[in-house]
Amino acid sequence: MKDIELRKRDHIRISLERDVSFRNKTSWFEYVELIHSAAPELDFSGISTKVRFLSREFSAPFLVEGMTGGTGEAEKINGNIAEAAAEFGIPAGVGSQRAAVKNPKLVRTFKIARDRAPDAFLIANIGAVQLVEDGIEMALKAIDMIEADAIAIHLNPLQEVIQPDGGAFFKGFYRMVRRLKEEVGIPVIVKEVGCGISGPVSAALAENGVDAIDVAGSGGTNWTLIEKIRAEHSGAEDKVSLAEVFIDWGIPTAAAVLESRAFTDTPIIASGGIRTGLEAAKALALGCDMVGFAHPILVEAVKNPEAVLGKLRQLRMELVTAMFLTSCGDVDTLRHTEFILLGPLLDWARQRCVNHPKLRRKQL
Ligand SMILES: Cc1cc2nc3c(=O)[nH]c(=O)nc-3n(C[C@H](O)[C@H](O)[C@H](O)COP(=O)(O)O)c2cc1C
């Protein structure tokens, strides 16, 4: 197995077999309260979770985050996710396609997603580092490979520094994003991988033409920890100590959503540690447009498409219950419903989010 395939296999295995969440940090949704309505003015069965996102209709404001590809196990995972996402009527991403652009033998481990789900809304994926280093050609090949409906560019500066085989080349990124927008005829999403995107960075991304921002905040899958475990295995002691110092680095997801909404009107995907439909409801109330799930779907996708579907149905039931209890008959109403911020999230909002459209009205 080549280095890059081994790395992909390690990522899946470590994510499934070890506890790779943040040690002393959560995604901060426990600091968001929605207000209980004892007399919801609607019937549970009449609640709609339908949304419009990137000019397409989806059955729920959910998205399966890009995770994998490049190995036999990844091929099965991508196929199962794409099939379930198509059936459920939501978008799904594949993991970084760099390996397959460089080695055509791996193409099938991504292309399986399109083969198994001809009508799915699929999101291609490459790293910002590849965009900067290899240029637009890499992105075009990734899009072609799965006949993608959108492309996600992942920002992972901390992971690039920690991973033993990483390369932290980000200079020139915004110029490449503008070129990408000019050359691809599909929406461009920019995402983090678990350290969050701040308000000012979201504003800069929007100014450079990005169609949606996936904040992927901290509190869920912790890439610093995953790369620390890999560094331990390879004996890279310097990387292990560096990872230890930055182990809980990042903007908690709830804070990243508040910031990004305060700084831009561009569609926002909330992801990073979102584990229930109630947390999804809170993220939507904070102002995001879609909610992304990675690890909770991975756990099911190693089984079969039915298991993924079961998890998505459970998440939707939790979301609908939260909507019922806040008297919100549709997602747009939920996005305008009241919330209370507590503790550190309230402190954060006071210092950073005064321009948030819903906080402007409150005396923070
Ligand atoms: C096994 C695994 C592999 C991942 N690989 C990628 C990747 O190739 N590209 C990417 O943009 N994000 C990747 N991610 C990050 C996720 O898309 C997501 O941003 C992150 O895991 C936070 O979501 P979660 O807390 O729900 O897991 C990966 C996540 C997991 C669990």
# chains A, B, ... in the order shown; residues from 1 in each chain; ligands from 1
>>> residues_around(residues="Arg361 (chain A)", least_positions_apart="6", cutoff="12 Å", atoms="only C-alpha atoms", output="NGL selection string")
:A and (338 or 354-355)
>>> residues_near_ligand(ligand="ligand 1", cutoff="6 Å", atoms="only C-alpha atoms and all ligand atoms", output="PyMOL selection string")
chain A and resi 11-12+15+65-68+95-96+154+192-194+216+220-221+271-274+293-295
>>> write_last_selection(atoms="C-alpha atoms", output="PDB file, in the first residue's frame")
ATOM      1  CA  HIS A  11      -7.761   7.916   9.453  1.00  0.00           C
ATOM      2  CA  ILE A  12     -10.783   5.602   9.169  1.00  0.00           C
ATOM      3  CA  SER A  15     -11.663   7.470  13.980  1.00  0.00           C
ATOM      4  CA  GLU A  65     -19.546  15.626   5.312  1.00  0.00           C
ATOM      5  CA  GLY A  66     -16.743  14.471   3.023  1.00  0.00           C
ATOM      6  CA  MET A  67     -14.654  11.786   4.695  1.00  0.00           C
ATOM      7  CA  THR A  68     -12.865   9.215   2.682  1.00  0.00           C
ATOM      8  CA  GLY A  95     -13.131  12.665   1.090  1.00  0.00           C
ATOM      9  CA  SER A  96     -10.040  14.326  -0.355  1.00  0.00           C
ATOM     10  CA  HIS A 154     -10.807  21.958   2.838  1.00  0.00           C
ATOM     11  CA  GLU A 192     -12.523  23.482   7.813  1.00  0.00           C
ATOM     12  CA  VAL A 193     -11.997  20.020   9.258  1.00  0.00           C
ATOM     13  CA  GLY A 194     -12.591  20.683  12.971  1.00  0.00           C
ATOM     14  CA  ALA A 216     -16.484  22.630  10.797  1.00  0.00           C
ATOM     15  CA  GLY A 220     -16.236  16.828  17.398  1.00  0.00           C
ATOM     16  CA  THR A 221     -13.642  14.822  15.475  1.00  0.00           C
ATOM     17  CA  SER A 271     -20.544  21.007  11.376  1.00  0.00           C
ATOM     18  CA  GLY A 272     -18.048  19.719  13.895  1.00  0.00           C
ATOM     19  CA  GLY A 273     -19.352  17.698  16.819  1.00  0.00           C
ATOM     20  CA  ILE A 274     -23.041  17.912  15.952  1.00  0.00           C
ATOM     21  CA  PHE A 293     -22.404  15.230  10.108  1.00  0.00           C
ATOM     22  CA  ALA A 294     -19.206  13.196   9.673  1.00  0.00           C
ATOM     23  CA  HIS A 295     -18.294  10.765  12.484  1.00  0.00           C
TER      24      HIS A 295
END
>>> residues_around(residues="Arg313 (chain A)", least_positions_apart="6", cutoff="12 Å", atoms="only C-alpha atoms", output="ChimeraX atom specification")
/A:49,59-60,62,84-85,87-90,276-277,297,306-307,319-320
>>> closest_residue(among="A:Asp149, A:Glu133, A:Glu318, A:Glu73", to="Ala92 (chain A)", atoms="only C-alpha atoms")
A:Asp149
>>> residues_around(residues="Trp249 (chain A)", least_positions_apart="4", cutoff="10 Å", atoms="only C-alpha atoms", output="ChimeraX atom specification")
/A:22,25,158,194-196,218-219,222,224,243,245
>>> atom_distance(atom1="CA of Asn304 (chain A)", atom2="CA of Val101 (chain A)")
26.7 Å
>>> select_by_dssp(residues="region 63-211 of chain A", states="strand (DSSP E or B)", output="list in words")
Leu63, Val64, Ala92, Gly93, Leu122, Ile123, Ala124, Asn125, Ile126, Gly127, Ala150, Ile151, Ala152, Ile153, His154, Val188, Ile189, Val190 and Lys191 of chain A
>>> residues_around(residues="Gly199 (chain A)", least_positions_apart="6", cutoff="6 Å", atoms="only C-alpha atoms", output="JSON, numbers by chain")
{"A": [259, 260, 263]}
>>> closest_residue(among="A:Ala99, A:Met290, A:Met138, A:Ile251", to="Lys50 (chain A)", atoms="only C-alpha atoms")
A:Met290
>>> residues_around(residues="region 186-189 of chain A", least_positions_apart="3", cutoff="8 Å", atoms="only C-alpha atoms", output="PyMOL selection string")
chain A and resi 54+149-153+181+210-214
>>> select_by_dssp(residues="region 76-205 of chain A", states="alpha helix (DSSP H)", output="number ranges by chain")
A: 76-88, 98-102, 108-116, 128-134, 136-146, 157-162, 173-183, 199-205
>>> residues_around(residues="Pro157 (chain A)", least_positions_apart="2", cutoff="9 Å", atoms="only C-alpha atoms", output="number ranges by chain")
A: 129, 155, 159-162, 167-170, 192
>>> write_last_selection(atoms="C-alpha atoms", output="PDB file, in the first residue's frame")
ATOM      1  CA  VAL A 129      -2.826  23.033  -0.161  1.00  0.00           C
ATOM      2  CA  LEU A 155      -8.738  24.243   5.036  1.00  0.00           C
ATOM      3  CA  GLN A 159      -3.498  19.266  10.606  1.00  0.00           C
ATOM      4  CA  GLU A 160      -0.927  20.077   7.899  1.00  0.00           C
ATOM      5  CA  VAL A 161       1.544  21.247  10.548  1.00  0.00           C
ATOM      6  CA  ILE A 162       1.037  18.246  12.820  1.00  0.00           C
ATOM      7  CA  GLY A 167       2.805  20.524   3.898  1.00  0.00           C
ATOM      8  CA  ALA A 168       1.471  23.844   5.174  1.00  0.00           C
ATOM      9  CA  PHE A 169       1.362  25.882   1.941  1.00  0.00           C
ATOM     10  CA  PHE A 170      -1.547  28.327   2.072  1.00  0.00           C
ATOM     11  CA  GLU A 192     -12.523  23.482   7.813  1.00  0.00           C
TER      12      GLU A 192
END
>>> closest_residue(among="A:Ala206, A:Glu237, A:Tyr31, A:Pro305", to="Ala283 (chain A)", atoms="only C-alpha atoms")
A:Tyr31
>>> closest_residue(among="A:Lys228, A:Arg178, A:Arg56, A:Lys2", to="Ile247 (chain A)", atoms="only C-alpha atoms")
A:Lys228
>>> decode(residues="region 54-94 of chain A", atoms="N, CA and C atoms", output="compact mmCIF listing (two decimals), in the first residue's frame")
# COMPACT_ATOMS: atom_id res chain seq x y z
N LEU A 54 -28.13 25.96 -2.32
CA LEU A 54 -27.37 25.98 -3.58
C LEU A 54 -28.29 25.67 -4.77
N SER A 55 -29.47 26.31 -4.76
CA SER A 55 -30.46 26.22 -5.85
C SER A 55 -31.08 24.84 -6.03
N ARG A 56 -30.97 23.97 -5.01
CA ARG A 56 -31.61 22.65 -5.09
C ARG A 56 -32.49 22.42 -3.86
N GLU A 57 -33.52 21.57 -4.03
CA GLU A 57 -34.41 21.22 -2.92
C GLU A 57 -33.87 19.99 -2.20
N PHE A 58 -33.88 20.01 -0.87
CA PHE A 58 -33.48 18.82 -0.10
C PHE A 58 -34.55 18.51 0.95
N SER A 59 -34.61 17.25 1.37
CA SER A 59 -35.68 16.83 2.28
C SER A 59 -35.43 17.30 3.71
N ALA A 60 -34.19 17.64 4.02
CA ALA A 60 -33.84 18.07 5.39
C ALA A 60 -32.61 18.97 5.30
N PRO A 61 -32.38 19.80 6.32
CA PRO A 61 -31.20 20.69 6.28
C PRO A 61 -29.93 19.95 6.71
N PHE A 62 -29.77 18.73 6.22
CA PHE A 62 -28.64 17.88 6.62
C PHE A 62 -27.71 17.66 5.43
N LEU A 63 -26.45 17.38 5.76
CA LEU A 63 -25.45 17.10 4.73
C LEU A 63 -24.46 16.10 5.32
N VAL A 64 -24.07 15.11 4.51
CA VAL A 64 -23.03 14.19 4.99
C VAL A 64 -21.69 14.76 4.56
N GLU A 65 -20.85 15.00 5.55
CA GLU A 65 -19.55 15.63 5.31
C GLU A 65 -18.61 14.68 4.55
N GLY A 66 -17.73 15.26 3.75
CA GLY A 66 -16.74 14.47 3.02
C GLY A 66 -15.79 13.79 3.99
N MET A 67 -15.54 12.49 3.77
CA MET A 67 -14.65 11.79 4.70
C MET A 67 -13.56 10.97 4.04
N THR A 68 -13.90 10.19 3.02
CA THR A 68 -12.87 9.21 2.68
C THR A 68 -12.82 8.81 1.22
N GLY A 69 -11.97 7.86 0.91
CA GLY A 69 -11.70 7.39 -0.43
C GLY A 69 -10.27 6.87 -0.45
N GLY A 70 -9.92 6.10 -1.48
CA GLY A 70 -8.52 5.70 -1.63
C GLY A 70 -8.18 4.31 -1.13
N THR A 71 -9.12 3.64 -0.44
CA THR A 71 -8.87 2.26 0.01
C THR A 71 -10.13 1.43 -0.22
N GLY A 72 -10.02 0.11 -0.11
CA GLY A 72 -11.17 -0.76 -0.32
C GLY A 72 -12.30 -0.45 0.66
N GLU A 73 -11.94 -0.25 1.92
CA GLU A 73 -12.96 0.04 2.93
C GLU A 73 -13.63 1.39 2.64
N ALA A 74 -12.83 2.34 2.17
CA ALA A 74 -13.36 3.67 1.84
C ALA A 74 -14.35 3.59 0.68
N GLU A 75 -14.07 2.69 -0.25
CA GLU A 75 -14.97 2.52 -1.42
C GLU A 75 -16.36 2.09 -0.93
N LYS A 76 -16.36 1.13 -0.01
CA LYS A 76 -17.64 0.66 0.54
C LYS A 76 -18.35 1.81 1.28
N ILE A 77 -17.59 2.55 2.06
CA ILE A 77 -18.17 3.67 2.83
C ILE A 77 -18.77 4.71 1.89
N ASN A 78 -18.03 5.11 0.86
CA ASN A 78 -18.53 6.13 -0.08
C ASN A 78 -19.79 5.65 -0.80
N GLY A 79 -19.82 4.37 -1.19
CA GLY A 79 -20.99 3.83 -1.87
C GLY A 79 -22.21 3.84 -0.95
N ASN A 80 -22.01 3.38 0.28
CA ASN A 80 -23.13 3.32 1.24
C ASN A 80 -23.67 4.71 1.56
N ILE A 81 -22.77 5.67 1.73
CA ILE A 81 -23.21 7.04 2.06
C ILE A 81 -23.98 7.63 0.88
N ALA A 82 -23.44 7.50 -0.33
CA ALA A 82 -24.09 8.12 -1.50
C ALA A 82 -25.49 7.53 -1.71
N GLU A 83 -25.58 6.21 -1.59
CA GLU A 83 -26.88 5.56 -1.79
C GLU A 83 -27.90 6.06 -0.75
N ALA A 84 -27.49 6.11 0.51
CA ALA A 84 -28.40 6.54 1.57
C ALA A 84 -28.76 8.02 1.42
N ALA A 85 -27.78 8.85 1.08
CA ALA A 85 -28.04 10.29 0.94
C ALA A 85 -29.02 10.53 -0.20
N ALA A 86 -28.86 9.79 -1.31
CA ALA A 86 -29.77 9.96 -2.45
C ALA A 86 -31.18 9.57 -2.05
N GLU A 87 -31.29 8.45 -1.36
CA GLU A 87 -32.61 7.97 -0.91
C GLU A 87 -33.26 8.97 0.06
N PHE A 88 -32.47 9.52 0.95
CA PHE A 88 -33.00 10.45 1.96
C PHE A 88 -33.23 11.84 1.36
N GLY A 89 -32.52 12.15 0.27
CA GLY A 89 -32.72 13.44 -0.40
C GLY A 89 -31.88 14.56 0.17
N ILE A 90 -30.60 14.24 0.50
CA ILE A 90 -29.69 15.27 1.03
C ILE A 90 -28.33 15.17 0.31
N PRO A 91 -27.52 16.24 0.35
CA PRO A 91 -26.21 16.20 -0.29
C PRO A 91 -25.21 15.35 0.51
N ALA A 92 -24.20 14.83 -0.22
CA ALA A 92 -23.14 14.08 0.46
C ALA A 92 -21.80 14.38 -0.19
N GLY A 93 -20.76 14.43 0.64
CA GLY A 93 -19.42 14.66 0.12
C GLY A 93 -18.61 13.38 0.10
N VAL A 94 -17.54 13.37 -0.69
CA VAL A 94 -16.53 12.32 -0.58
C VAL A 94 -15.30 12.96 0.06
